[in-house]
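With TSV, C-alpha atoms inside, this is final28.tsv:
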```tsv
chain	number	residue	atom	x	y	z
A	945	MET	CA	-7.40	10.64	-42.62
A	946	GLU	CA	-4.10	10.55	-40.81
A	947	ASN	CA	-3.51	6.89	-41.59
A	948	LYS	CA	-5.01	3.82	-43.21
A	949	LYS	CA	-6.22	2.38	-39.89
A	950	GLN	CA	-8.24	5.50	-39.09
A	951	LEU	CA	-9.77	5.49	-42.54
A	952	GLU	CA	-10.75	1.84	-42.10
A	953	GLN	CA	-12.23	2.55	-38.65
A	954	ILE	CA	-14.42	5.47	-39.67
A	955	THR	CA	-15.50	3.64	-42.82
A	956	ASN	CA	-16.55	0.61	-40.77
A	957	CYS	CA	-18.57	2.89	-38.50
A	958	ALA	CA	-20.16	4.73	-41.43
A	959	LEU	CA	-21.26	1.45	-43.04
A	960	CYS	CA	-22.33	-0.28	-39.81
A	961	GLY	CA	-25.87	-1.45	-39.11
A	962	ASN	CA	-26.26	1.55	-36.76
A	963	MET	CA	-27.79	-0.43	-33.88
A	964	CYS	CA	-25.75	1.62	-31.38
A	965	LYS	CA	-28.13	4.49	-32.08
A	966	HIS	CA	-30.53	2.85	-29.63
A	967	SER	CA	-28.08	3.71	-26.84
A	968	CYS	CA	-27.47	7.29	-28.03
A	969	PRO	CA	-29.22	9.81	-25.76
A	970	ILE	CA	-29.30	12.45	-28.49
A	971	TYR	CA	-31.14	10.16	-30.91
A	972	LEU	CA	-33.46	8.81	-28.23
A	973	ALA	CA	-34.37	12.31	-27.05
A	974	THR	CA	-34.93	13.77	-30.53
A	975	GLY	CA	-35.49	10.94	-33.03
A	976	ASN	CA	-33.10	12.79	-35.33
A	977	GLU	CA	-31.24	10.29	-37.54
A	978	THR	CA	-28.63	12.90	-38.50
A	979	VAL	CA	-27.06	12.75	-35.06
A	980	THR	CA	-26.87	8.96	-34.73
A	981	PRO	CA	-23.30	7.64	-34.45
A	982	GLN	CA	-23.37	6.07	-37.91
A	983	LYS	CA	-24.65	9.23	-39.60
A	984	ILE	CA	-22.05	11.34	-37.83
A	985	ALA	CA	-19.37	8.89	-38.98
A	986	ARG	CA	-20.63	9.27	-42.54
A	987	LEU	CA	-20.41	13.04	-42.27
A	988	VAL	CA	-16.83	12.76	-40.97
A	989	LEU	CA	-15.95	10.47	-43.85
A	990	TYR	CA	-17.62	12.70	-46.45
A	991	LYS	CA	-15.90	15.76	-44.99
A	992	LYS	CA	-12.49	14.10	-45.28
A	993	LYS	CA	-13.26	13.15	-48.87
A	994	ALA	CA	-14.46	16.70	-49.64
A	995	PHE	CA	-17.97	15.51	-50.51
A	996	LEU	CA	-19.70	18.02	-48.24
A	997	GLU	CA	-20.64	21.52	-49.34
A	998	ASP	CA	-22.27	22.74	-46.11
A	999	GLU	CA	-19.18	23.06	-43.92
A	1000	LYS	CA	-20.94	25.05	-41.20
A	1001	GLY	CA	-23.72	22.44	-41.03
A	1002	PHE	CA	-21.10	19.75	-40.56
A	1003	PHE	CA	-19.48	21.59	-37.65
A	1004	ASP	CA	-22.88	22.25	-36.06
A	1005	VAL	CA	-23.47	18.47	-35.92
A	1006	MET	CA	-20.08	17.97	-34.26
A	1007	PHE	CA	-21.39	19.99	-31.30
A	1008	GLN	CA	-24.64	18.03	-31.06
A	1009	CYS	CA	-23.01	14.99	-29.44
A	1010	ALA	CA	-23.16	14.34	-25.70
A	1011	MET	CA	-19.64	12.82	-25.82
A	1012	CYS	CA	-20.98	10.28	-23.32
A	1013	GLY	CA	-19.40	7.15	-24.78
A	1014	ALA	CA	-22.65	5.19	-25.12
A	1015	CYS	CA	-21.83	4.33	-28.74
A	1016	LYS	CA	-18.40	3.06	-27.70
A	1017	MET	CA	-19.95	0.84	-25.04
A	1018	ASN	CA	-22.21	-0.69	-27.70
A	1019	CYS	CA	-19.71	-0.83	-30.59
A	1020	LEU	CA	-19.04	-3.97	-32.63
A	1021	TYR	CA	-15.44	-2.93	-33.25
A	1022	ASP	CA	-12.62	-3.13	-30.73
A	1023	ASN	CA	-10.67	-0.01	-29.76
A	1024	PHE	CA	-12.90	2.36	-31.73
A	1025	ASP	CA	-14.23	5.55	-30.23
A	1026	LEU	CA	-16.20	7.86	-32.51
A	1027	ARG	CA	-15.65	10.67	-30.01
A	1028	ASP	CA	-12.03	10.93	-31.19
A	1029	TYR	CA	-13.25	11.90	-34.67
A	1030	ILE	CA	-15.92	14.24	-33.33
A	1031	GLN	CA	-13.30	15.92	-31.17
A	1032	GLY	CA	-11.18	16.35	-34.29
A	1033	GLY	CA	-14.12	18.06	-35.96
A	1034	ARG	CA	-14.55	20.38	-33.00
A	1035	SER	CA	-10.88	21.28	-33.06
A	1036	GLU	CA	-11.13	22.16	-36.73
A	1037	ALA	CA	-14.27	24.20	-36.07
A	1038	PHE	CA	-12.45	26.16	-33.37
A	1039	LYS	CA	-9.53	26.92	-35.67
A	1040	LYS	CA	-11.94	28.18	-38.34
A	1041	GLY	CA	-13.93	30.24	-35.86
A	1042	ILE	CA	-17.14	28.27	-36.43
A	1043	LEU	CA	-18.42	27.77	-32.89
A	1044	PRO	CA	-21.98	27.62	-31.55
A	1045	ASP	CA	-22.86	30.78	-29.61
A	1046	GLU	CA	-23.17	29.13	-26.20
A	1047	THR	CA	-19.85	27.35	-26.59
A	1048	ARG	CA	-18.17	30.55	-27.77
A	1049	LYS	CA	-19.42	32.42	-24.67
A	1050	GLN	CA	-18.00	29.74	-22.40
A	1051	VAL	CA	-14.61	29.93	-24.12
A	1052	GLU	CA	-14.59	33.72	-23.86
A	1053	THR	CA	-15.31	33.51	-20.13
A	1054	PHE	CA	-12.50	30.98	-19.72
A	1055	VAL	CA	-10.06	33.24	-21.56
A	1056	ASN	CA	-10.98	36.17	-19.30
A	1057	PHE	CA	-11.05	34.35	-15.96
A	1058	GLY	CA	-9.21	31.04	-16.37
A	1059	ASN	CA	-12.40	29.07	-15.73
A	1060	PRO	CA	-15.85	28.76	-17.40
A	1061	ASP	CA	-17.82	30.54	-14.66
A	1062	GLY	CA	-16.23	33.94	-14.13
A	1063	GLU	CA	-14.47	35.63	-11.24
A	1064	ARG	CA	-14.03	33.54	-8.11
A	1065	GLN	CA	-11.75	33.27	-5.09
A	1066	LEU	CA	-8.84	30.90	-4.59
A	1067	ILE	CA	-9.47	27.93	-2.31
A	1068	GLN	CA	-6.41	26.86	-0.32
A	1069	LYS	CA	-6.85	25.09	2.98
A	1070	GLY	CA	-5.24	22.24	4.90
A	1071	ALA	CA	-1.99	20.35	4.43
A	1072	GLY	CA	-0.63	16.92	3.58
A	1073	ASN	CA	0.09	14.99	0.39
A	1074	LEU	CA	-3.56	14.02	-0.10
A	1075	GLY	CA	-5.44	16.67	-2.07
A	1076	TYR	CA	-9.08	17.51	-2.65
A	1077	PHE	CA	-9.58	19.43	-5.89
A	1078	VAL	CA	-12.65	21.67	-6.04
A	1079	SER	CA	-13.81	21.50	-9.65
A	1080	CYS	CA	-15.61	24.37	-11.40
A	1081	SER	CA	-19.01	22.73	-11.01
A	1082	THR	CA	-18.34	21.86	-7.36
A	1083	TYR	CA	-17.23	25.43	-6.62
A	1084	ASN	CA	-20.72	26.65	-7.53
A	1085	ASP	CA	-22.44	24.15	-5.22
A	1086	GLN	CA	-22.24	25.32	-1.62
A	1087	GLN	CA	-24.24	22.36	-0.31
A	1088	LEU	CA	-21.81	19.91	-1.88
A	1089	LEU	CA	-18.77	21.86	-0.64
A	1090	LYS	CA	-20.12	21.88	2.92
A	1091	ALA	CA	-20.88	18.16	2.73
A	1092	VAL	CA	-17.37	17.25	1.58
A	1093	GLU	CA	-15.85	19.55	4.20
A	1094	LYS	CA	-17.82	17.78	6.93
A	1095	ILE	CA	-16.71	14.38	5.65
A	1096	LEU	CA	-13.05	15.38	5.42
A	1097	THR	CA	-13.12	16.80	8.94
A	1098	LYS	CA	-14.79	13.71	10.39
A	1099	SER	CA	-12.42	11.35	8.56
A	1100	GLY	CA	-9.38	12.65	10.40
A	1101	GLU	CA	-7.39	12.64	7.15
A	1102	GLN	CA	-4.85	15.38	6.43
A	1103	VAL	CA	-6.15	16.89	3.19
A	1104	GLN	CA	-5.15	19.92	1.15
A	1105	ARG	CA	-8.22	21.57	-0.35
A	1106	PHE	CA	-7.52	23.60	-3.48
A	1107	GLY	CA	-9.33	25.07	-6.45
A	1108	GLY	CA	-11.24	28.21	-7.38
A	1109	ALA	CA	-9.69	31.27	-9.05
A	1110	ASP	CA	-8.16	30.25	-12.39
A	1111	ILE	CA	-7.41	26.63	-11.47
A	1112	CYS	CA	-9.36	24.40	-13.87
A	1113	CYS	CA	-8.67	21.10	-15.59
A	1114	GLY	CA	-9.55	22.72	-18.93
A	1115	ALA	CA	-12.39	20.38	-19.92
A	1116	PRO	CA	-14.60	23.23	-21.24
A	1117	LEU	CA	-11.82	24.25	-23.64
A	1118	TYR	CA	-11.25	20.65	-24.70
A	1119	TYR	CA	-14.90	20.08	-25.59
A	1120	ALA	CA	-14.94	23.43	-27.41
A	1121	GLY	CA	-12.04	22.26	-29.58
A	1122	ASP	CA	-9.58	24.83	-28.22
A	1123	MET	CA	-6.64	22.48	-27.93
A	1124	GLU	CA	-4.01	25.19	-27.46
A	1125	GLY	CA	-6.00	26.76	-24.64
A	1126	PHE	CA	-6.61	23.33	-23.16
A	1127	LYS	CA	-2.90	22.54	-23.19
A	1128	LYS	CA	-2.16	25.78	-21.32
A	1129	ALA	CA	-4.82	24.97	-18.72
A	1130	ALA	CA	-3.40	21.46	-18.34
A	1131	GLY	CA	0.11	22.86	-17.88
A	1132	LYS	CA	-1.14	25.19	-15.16
A	1133	MET	CA	-2.95	22.35	-13.42
A	1134	LYS	CA	0.24	20.28	-13.49
A	1135	ARG	CA	2.16	23.14	-11.84
A	1136	GLU	CA	-0.56	23.64	-9.20
A	1137	ILE	CA	-0.46	19.97	-8.23
A	1138	GLU	CA	3.33	19.70	-8.25
A	1139	GLN	CA	3.89	22.80	-6.13
A	1140	ARG	CA	1.57	21.35	-3.51
A	1141	LYS	CA	3.61	18.11	-3.51
A	1142	LEU	CA	0.48	15.97	-3.75
A	1143	GLN	CA	0.59	12.19	-4.19
A	1144	LYS	CA	-3.14	11.56	-4.50
A	1145	VAL	CA	-6.01	13.86	-5.50
A	1146	ILE	CA	-9.72	13.39	-4.80
A	1147	THR	CA	-12.37	15.20	-6.83
A	1148	ASN	CA	-16.15	15.08	-7.26
A	1149	CYS	CA	-15.99	15.69	-11.01
A	1150	PRO	CA	-15.64	12.68	-13.36
A	1151	ALA	CA	-14.68	14.99	-16.24
A	1152	CYS	CA	-11.69	16.29	-14.27
A	1153	ILE	CA	-10.48	12.74	-13.72
A	1154	LYS	CA	-10.92	11.86	-17.39
A	1155	MET	CA	-8.98	14.95	-18.44
A	1156	MET	CA	-6.13	14.52	-15.97
A	1157	THR	CA	-5.67	10.75	-16.33
A	1158	GLU	CA	-6.39	10.25	-20.03
A	1159	ILE	CA	-6.55	13.39	-22.14
A	1160	TYR	CA	-3.52	15.09	-20.56
A	1161	ASP	CA	-1.41	12.09	-21.57
A	1162	GLU	CA	-2.62	12.46	-25.16
A	1163	ILE	CA	-1.25	16.01	-25.33
A	1164	GLY	CA	2.04	15.12	-23.66
A	1165	ILE	CA	1.34	16.37	-20.13
A	1166	HIS	CA	1.95	13.66	-17.54
A	1167	LEU	CA	0.98	13.93	-13.87
A	1168	ASP	CA	2.79	11.68	-11.41
A	1169	VAL	CA	-0.16	11.54	-9.03
A	1170	GLU	CA	-3.09	9.22	-8.40
A	1171	PHE	CA	-6.60	10.58	-9.02
A	1172	ILE	CA	-9.64	9.08	-7.36
A	1173	HIS	CA	-13.28	10.00	-7.50
A	1174	THR	CA	-15.07	11.00	-4.29
A	1175	VAL	CA	-17.11	7.78	-4.31
A	1176	GLU	CA	-13.93	5.70	-4.10
A	1177	PHE	CA	-12.75	7.78	-1.14
A	1178	LEU	CA	-16.13	7.60	0.62
A	1179	ASN	CA	-16.44	3.88	0.01
A	1180	ALA	CA	-13.07	3.30	1.66
A	1181	LEU	CA	-13.89	5.56	4.63
A	1182	LEU	CA	-17.13	3.70	5.32
A	1183	LYS	CA	-15.65	0.22	4.92
A	1184	GLU	CA	-12.69	1.07	7.15
A	1185	GLY	CA	-15.00	2.55	9.79
A	1186	LYS	CA	-13.35	5.99	9.66
A	1187	ILE	CA	-16.78	7.59	9.55
A	1188	LYS	CA	-19.95	6.25	11.15
A	1189	VAL	CA	-23.40	6.79	9.67
A	1190	ASN	CA	-27.02	6.40	10.64
A	1191	LYS	CA	-29.05	3.94	8.58
A	1192	ALA	CA	-31.84	5.24	6.37
A	1193	ASN	CA	-35.20	3.57	5.99
A	1194	ALA	CA	-35.93	4.64	2.43
A	1195	THR	CA	-35.43	3.86	-1.23
A	1196	ALA	CA	-32.90	5.48	-3.55
A	1197	THR	CA	-32.18	5.57	-7.26
A	1198	PHE	CA	-28.62	6.21	-8.41
A	1199	HIS	CA	-27.99	8.03	-11.68
A	1200	ASP	CA	-24.72	6.86	-13.24
A	1201	PRO	CA	-22.78	9.83	-14.68
A	1202	CYS	CA	-21.69	8.84	-18.18
A	1203	ILE	CA	-17.99	9.60	-17.75
A	1204	LEU	CA	-17.85	7.91	-14.34
A	1205	ALA	CA	-19.46	4.73	-15.71
A	1206	ASN	CA	-18.25	4.58	-19.31
A	1207	ASP	CA	-14.78	6.13	-19.17
A	1208	ILE	CA	-13.63	5.54	-15.60
A	1209	GLY	CA	-15.55	2.30	-15.13
A	1210	ILE	CA	-17.03	3.03	-11.70
A	1211	THR	CA	-20.55	1.71	-11.13
A	1212	THR	CA	-20.28	-0.51	-8.03
A	1213	ALA	CA	-18.72	1.86	-5.47
A	1214	PRO	CA	-21.59	4.37	-5.34
A	1215	ARG	CA	-24.11	1.56	-4.93
A	1216	ASP	CA	-22.01	0.05	-2.13
A	1217	ILE	CA	-22.13	3.42	-0.36
A	1218	ILE	CA	-25.88	3.77	-0.81
A	1219	LYS	CA	-26.43	0.27	0.62
A	1220	MET	CA	-24.14	1.01	3.59
A	1221	LEU	CA	-26.29	4.08	4.25
A	1222	GLY	CA	-29.28	1.75	4.60
A	1223	PHE	CA	-31.14	2.54	1.39
A	1224	ASP	CA	-32.90	-0.02	-0.76
A	1225	ILE	CA	-31.81	0.68	-4.34
A	1226	LYS	CA	-34.45	0.99	-7.05
A	1227	GLU	CA	-32.64	0.86	-10.38
A	1228	SER	CA	-33.90	2.85	-13.34
A	1229	VAL	CA	-34.53	0.93	-16.58
A	1230	TYR	CA	-31.26	2.34	-17.93
A	1231	SER	CA	-28.53	2.10	-15.31
A	1232	GLY	CA	-24.85	1.29	-14.91
A	1233	LYS	CA	-23.05	1.43	-18.24
A	1234	GLU	CA	-26.43	1.48	-19.98
A	1235	ALA	CA	-27.48	4.69	-18.22
A	1236	HIS	CA	-28.34	7.65	-20.42
A	1237	CYS	CA	-26.41	10.90	-20.17
A	1238	CYS	CA	-28.05	13.78	-18.29
A	1239	GLY	CA	-27.18	16.15	-21.14
A	1240	GLY	CA	-24.99	18.38	-19.01
A	1241	ILE	CA	-25.30	22.14	-19.29
A	1242	PRO	CA	-25.69	24.31	-22.45
A	1243	GLY	CA	-22.41	25.17	-24.11
A	1244	GLY	CA	-20.61	22.21	-22.54
A	1245	LYS	CA	-20.41	18.89	-24.32
A	1246	ILE	CA	-23.67	19.72	-26.13
A	1247	ALA	CA	-23.77	23.25	-27.51
A	1248	ASP	CA	-27.50	23.57	-28.26
A	1249	SER	CA	-29.59	24.54	-25.20
A	1250	LYS	CA	-32.78	23.09	-26.72
A	1251	LEU	CA	-31.05	19.79	-27.32
A	1252	VAL	CA	-29.65	19.83	-23.79
A	1253	ALA	CA	-33.17	20.40	-22.46
A	1254	SER	CA	-34.51	17.42	-24.45
A	1255	VAL	CA	-31.83	15.07	-23.12
A	1256	ASN	CA	-32.28	16.44	-19.57
A	1257	ALA	CA	-36.05	15.86	-19.76
A	1258	MET	CA	-35.64	12.30	-21.07
A	1259	ARG	CA	-33.24	11.28	-18.31
A	1260	THR	CA	-35.33	13.00	-15.63
A	1261	SER	CA	-38.39	11.07	-16.78
A	1262	GLU	CA	-36.49	7.76	-16.71
A	1263	LEU	CA	-35.37	8.35	-13.15
A	1264	LYS	CA	-38.77	9.49	-11.90
A	1265	GLU	CA	-40.28	6.20	-13.06
A	1266	THR	CA	-38.64	4.47	-10.08
A	1267	ALA	CA	-40.60	6.69	-7.65
A	1268	ALA	CA	-37.70	6.44	-5.21
A	1269	ASP	CA	-37.58	8.49	-2.02
A	1270	VAL	CA	-34.17	9.92	-2.93
A	1271	TYR	CA	-32.33	10.43	-6.23
A	1272	ILE	CA	-28.55	10.39	-6.04
A	1273	ALA	CA	-25.73	11.20	-8.46
A	1274	ALA	CA	-21.95	11.39	-8.25
A	1275	CYS	CA	-21.23	14.34	-10.53
A	1276	PRO	CA	-21.91	18.02	-9.75
A	1277	THR	CA	-22.84	18.71	-13.38
A	1278	CYS	CA	-25.41	15.90	-13.36
A	1279	LYS	CA	-26.84	17.41	-10.17
A	1280	VAL	CA	-27.42	20.73	-11.94
A	1281	ALA	CA	-28.84	19.09	-15.07
A	1282	LEU	CA	-31.25	16.90	-13.08
A	1283	SER	CA	-32.26	19.55	-10.54
A	1284	ASN	CA	-35.96	19.09	-11.38
A	1285	ILE	CA	-35.98	15.94	-9.24
A	1286	ALA	CA	-34.00	17.51	-6.39
A	1287	ILE	CA	-31.17	15.06	-6.93
A	1288	LYS	CA	-28.37	14.96	-4.37
A	1289	ASP	CA	-24.70	14.14	-4.68
A	1290	VAL	CA	-23.69	10.96	-2.88
A	1291	ALA	CA	-21.37	13.02	-0.66
A	1292	GLU	CA	-24.33	15.08	0.54
A	1293	VAL	CA	-26.26	11.96	1.51
A	1294	VAL	CA	-23.25	10.61	3.42
A	1295	ALA	CA	-22.77	13.93	5.23
A	1296	GLU	CA	-26.45	14.04	6.21
A	1297	GLN	CA	-26.18	10.64	7.90
A	1298	ILE	CA	-22.81	11.00	9.63
A	1299	ILE	CA	-23.05	10.31	13.33
A	1300	ASP	CA	-21.68	13.28	15.25
A	1301	GLY	CA	-19.36	12.84	18.16
```
Just give me the structure as structure tokens.
Amino acid sequence: MENKKQLEQITNCALCGNMCKHSCPIYLATGNETVTPQKIARLVLYKKKAFLEDEKGFFDVMFQCAMCGACKMNCLYDNFDLRDYIQGGRSEAFKKGILPDETRKQVETFVNFGNPDGERQLIQKGAGNLGYFVSCSTYNDQQLLKAVEKILTKSGEQVQRFGGADICCGAPLYYAGDMEGFKKAAGKMKREIEQRKLQKVITNCPACIKMMTEIYDEIGIHLDVEFIHTVEFLNALLKEGKIKVNKANATATFHDPCILANDIGITTAPRDIIKMLGFDIKESVYSGKEAHCCGGIPGGKIADSKLVASVNAMRTSELKETAADVYIAACPTCKVALSNIAIKDVAEVVAEQIIDG
């Protein structure tokens, strides 16, 4: 361990009663005790003490975490986040060349194209010191892009739209443990924002906000700009009357993206929007900061596609239990992961109900 405090923290976690496992989506979806927070902490501790012989097995477990923060939200200890230690394990795995196949493929694509998806065109439209960043996951969602474009146009705000090509926050590299590659991507993002002279940036992707407001600082890259999630922007537009909407006569269930709820702390704004749109909200059993992660996409935070499918299926089932008319999220990755219930992004629902004229 780097210091005595870290050793004490991981030891406390390893010897804890392990009740946080009941909030862990990986454990709940699989019943596998090996991937509970406490068991992972034990593996980290044993690895540091050189008690483990199966090094590859250890690194495999490091990529079987959703990195959702549920264990942190239910931790007995202040200022402890097991994800920091898991991320350290991933970084070591990357340096040793021990990566799961699906994660490796994503890194290779990023190296070749500057993003995790492959070749794409640069987006550059509009002017002003307010920016709208098109994340990788948003770029692939034409319905969401059209919805946001309609909202921006109706709002009357002067907004620079940018993204595409090789502009990416670097989150895929971060979760793969490629810290050098991540730092380069962060440096490029800093230059892209600074050359556009932006003061505030809106984005649909919670992971982008986490990277640019928290993780960049940890690697010494500081952005002198305010980042807000789309739901904060939409909430303000509706409350200020800058866009007018028709009222729905239906029920809706909101899925809380784990990073948006647990890391950024936003749970109220999307529900305010949904209520202003006229929906009656039907909460799932697990909602707000207790909501379970959608699992994301294979090769992302979770490297194993079968494990991703199990977590996806569990969260889909939880949401379907509400039997709502509409299912809504506020993360383009969640929308892909939960596509079996035809979930919509909150921006799409707002755009659908905007009053023209």
So which one's closest to Lys1134 of chain A, A:Ala1180, A:Cys964, A:Cys1113, A:Cys1237? Using only C-alpha atoms, please.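 When distances to Lys1134 of chain A are compared using only C-alpha atoms, the smallest one comes from A:Cys1113.
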Here's a test: counting only C-alpha atoms, identify every protein, DNA and RNA residue with an atom at most 8 Å from (-20.3, 5.8, -38.2) in the file's coordinate frame, and state them as a list in words. Ile954, Thr955, Asn956, Cys957, Ala958, Leu959, Cys960, Asn962, Pro981, Gln982, Lys983, Ile984, Ala985, Arg986 and Leu1026 of chain A
Tell me which protein, DNA and RNA residues are within 6 Å of segment 1068-1083 of chain A, counting all atoms listed in the file, leaving out same-chain ones fewer than 5 positions away, and put them as a PyMOL selection string. chain A and resi 1102-1107+1142-1147+1276
May I ask for the distance between atom CA of Tyr1029 of chain A and atom CA of Val979 of chain A, given in Å to one decimal place? 13.8 Å
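The nearest approach to Lys1098 of chain A among the residues A:Lys1186, A:His1166, A:Lys1264, A:Lys949, with all atoms listed in the file taken into account, belongs to A:Lys1186.
When the distance limit is 7 Å and all atoms listed in the file are what count, the residues near Ile1187 of chain A, minus those fewer than 2 positions from it on the same chain, are A:Lys1098, A:Ser1099, A:Leu1181, A:Leu1182, A:Gly1185, A:Val1189, A:Ile1298.
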Include C-alpha atoms and write out the residues we just selected as an mmCIF file, in the frame of the given file.
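New file result_16.cif:
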```
data_model
loop_
_atom_site.group_PDB
_atom_site.id
_atom_site.type_symbol
_atom_site.label_atom_id
_atom_site.label_comp_id
_atom_site.auth_asym_id
_atom_site.auth_seq_id
_atom_site.Cartn_x
_atom_site.Cartn_y
_atom_site.Cartn_z
ATOM 1 C CA LYS A 1098 -14.790 13.710 10.390
ATOM 2 C CA SER A 1099 -12.420 11.350 8.560
ATOM 3 C CA LEU A 1181 -13.890 5.560 4.630
ATOM 4 C CA LEU A 1182 -17.130 3.700 5.320
ATOM 5 C CA GLY A 1185 -15.000 2.550 9.790
ATOM 6 C CA VAL A 1189 -23.400 6.790 9.670
ATOM 7 C CA ILE A 1298 -22.810 11.000 9.630
#
```
Residue among A:Ala1268, A:Ile1285, A:Ile1095, A:Ala1257 lying closest to Ile1299 of chain A, counting all atoms listed in the file: A:Ile1095
Atomic distance atom CA of Met1258 of chain A - atom CA of Cys1238 of chain A, expressed in Å with one decimal: 8.2 Å
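Distances here use only C-alpha atoms; by that measure, the residue among A:Glu997, A:Gln1065, A:Ala1010, A:Phe1171 closest to Leu972 of chain A is A:Ala1010.
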Restricting the calculation to all atoms listed in the file, which member of A:Gly1244, A:Arg1135, A:Val1293, A:Cys1152 is positioned closest to Phe1198 of chain A?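 Closest to Phe1198 of chain A, using all atoms listed in the file: A:Val1293.
The nearest approach to Met1123 of chain A among the residues A:Glu1162, A:Glu1227, A:Asp1022, A:Asp1004, with only C-alpha atoms taken into account, belongs to A:Glu1162.
Atom pair atom CA of Ile1272 of chain A / atom CA of Lys1288 of chain A: separated by 4.9 Å.
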Would you pick out the contacts of segment 1211-1219 of chain A at 8 Å or less, using all atoms listed in the file, so that residues sharing its chain but fewer than 2 positions from it are not included, and give the list as a PyMOL selection string? chain A and resi 1175-1176+1178-1179+1182+1196+1198+1200+1204-1205+1209+1221-1225+1232-1233+1274+1290
Any idea what's packed within 12 Å of Lys1090 of chain A, counting all atoms listed in the file, ignoring anything in its chain fewer than 2 positions away? Could you give it as an MDAnalysis selection string? chainID A and resid 1078 1082:1088 1092:1097 1289 1291:1296
Please provide as a PyMOL selection string all residues within 9 Å of Leu1117 of chain A, with the sequence filter that same-chain residues fewer than 5 positions apart are discarded (counting only C-alpha atoms). chain A and resi 1050-1051+1054+1060+1122-1126+1129
For segment 1048-1092 of chain A, write C-alpha atoms out as a PDB file, in the first residue's frame.
```pdb
ATOM      1  CA  ARG A1048      -8.722  -4.776 -25.180  1.00  0.00           C
ATOM      2  CA  LYS A1049     -10.745  -4.345 -28.399  1.00  0.00           C
ATOM      3  CA  GLN A1050     -12.205  -1.095 -27.126  1.00  0.00           C
ATOM      4  CA  VAL A1051      -8.751   0.245 -26.258  1.00  0.00           C
ATOM      5  CA  GLU A1052      -7.413  -0.743 -29.681  1.00  0.00           C
ATOM      6  CA  THR A1053     -10.277   1.099 -31.380  1.00  0.00           C
ATOM      7  CA  PHE A1054      -9.590   4.165 -29.242  1.00  0.00           C
ATOM      8  CA  VAL A1055      -5.899   4.106 -30.158  1.00  0.00           C
ATOM      9  CA  ASN A1056      -6.769   3.931 -33.867  1.00  0.00           C
ATOM     10  CA  PHE A1057      -9.574   6.495 -33.946  1.00  0.00           C
ATOM     11  CA  GLY A1058      -9.353   8.602 -30.777  1.00  0.00           C
ATOM     12  CA  ASN A1059     -12.709   7.282 -29.549  1.00  0.00           C
ATOM     13  CA  PRO A1060     -14.179   3.853 -28.635  1.00  0.00           C
ATOM     14  CA  ASP A1061     -16.512   3.570 -31.635  1.00  0.00           C
ATOM     15  CA  GLY A1062     -14.418   4.004 -34.768  1.00  0.00           C
ATOM     16  CA  GLU A1063     -14.316   6.540 -37.572  1.00  0.00           C
ATOM     17  CA  ARG A1064     -16.753   9.433 -37.279  1.00  0.00           C
ATOM     18  CA  GLN A1065     -17.137  13.029 -38.423  1.00  0.00           C
ATOM     19  CA  LEU A1066     -16.369  16.175 -36.458  1.00  0.00           C
ATOM     20  CA  ILE A1067     -19.360  18.038 -35.046  1.00  0.00           C
ATOM     21  CA  GLN A1068     -18.891  21.808 -34.938  1.00  0.00           C
ATOM     22  CA  LYS A1069     -21.913  24.071 -35.058  1.00  0.00           C
ATOM     23  CA  GLY A1070     -23.092  27.294 -33.445  1.00  0.00           C
ATOM     24  CA  ALA A1071     -21.309  29.943 -31.404  1.00  0.00           C
ATOM     25  CA  GLY A1072     -21.199  31.456 -27.937  1.00  0.00           C
ATOM     26  CA  ASN A1073     -19.502  30.612 -24.649  1.00  0.00           C
ATOM     27  CA  LEU A1074     -22.088  27.957 -23.753  1.00  0.00           C
ATOM     28  CA  GLY A1075     -21.136  24.568 -25.179  1.00  0.00           C
ATOM     29  CA  TYR A1076     -22.954  21.311 -25.809  1.00  0.00           C
ATOM     30  CA  PHE A1077     -20.564  18.360 -25.906  1.00  0.00           C
ATOM     31  CA  VAL A1078     -21.708  15.354 -27.936  1.00  0.00           C
ATOM     32  CA  SER A1079     -20.357  12.340 -26.060  1.00  0.00           C
ATOM     33  CA  CYS A1080     -19.405   9.080 -27.779  1.00  0.00           C
ATOM     34  CA  SER A1081     -22.621   7.361 -26.726  1.00  0.00           C
ATOM     35  CA  THR A1082     -24.733  10.360 -27.737  1.00  0.00           C
ATOM     36  CA  TYR A1083     -23.029  10.528 -31.146  1.00  0.00           C
ATOM     37  CA  ASN A1084     -24.396   7.059 -31.935  1.00  0.00           C
ATOM     38  CA  ASP A1085     -27.967   8.000 -30.996  1.00  0.00           C
ATOM     39  CA  GLN A1086     -29.578  10.006 -33.790  1.00  0.00           C
ATOM     40  CA  GLN A1087     -32.910  10.279 -31.972  1.00  0.00           C
ATOM     41  CA  LEU A1088     -31.236  11.827 -28.947  1.00  0.00           C
ATOM     42  CA  LEU A1089     -29.143  14.190 -31.083  1.00  0.00           C
ATOM     43  CA  LYS A1090     -32.247  15.398 -32.935  1.00  0.00           C
ATOM     44  CA  ALA A1091     -34.105  15.876 -29.651  1.00  0.00           C
ATOM     45  CA  VAL A1092     -31.346  17.990 -28.112  1.00  0.00           C
TER      46      VAL A1092
END
```
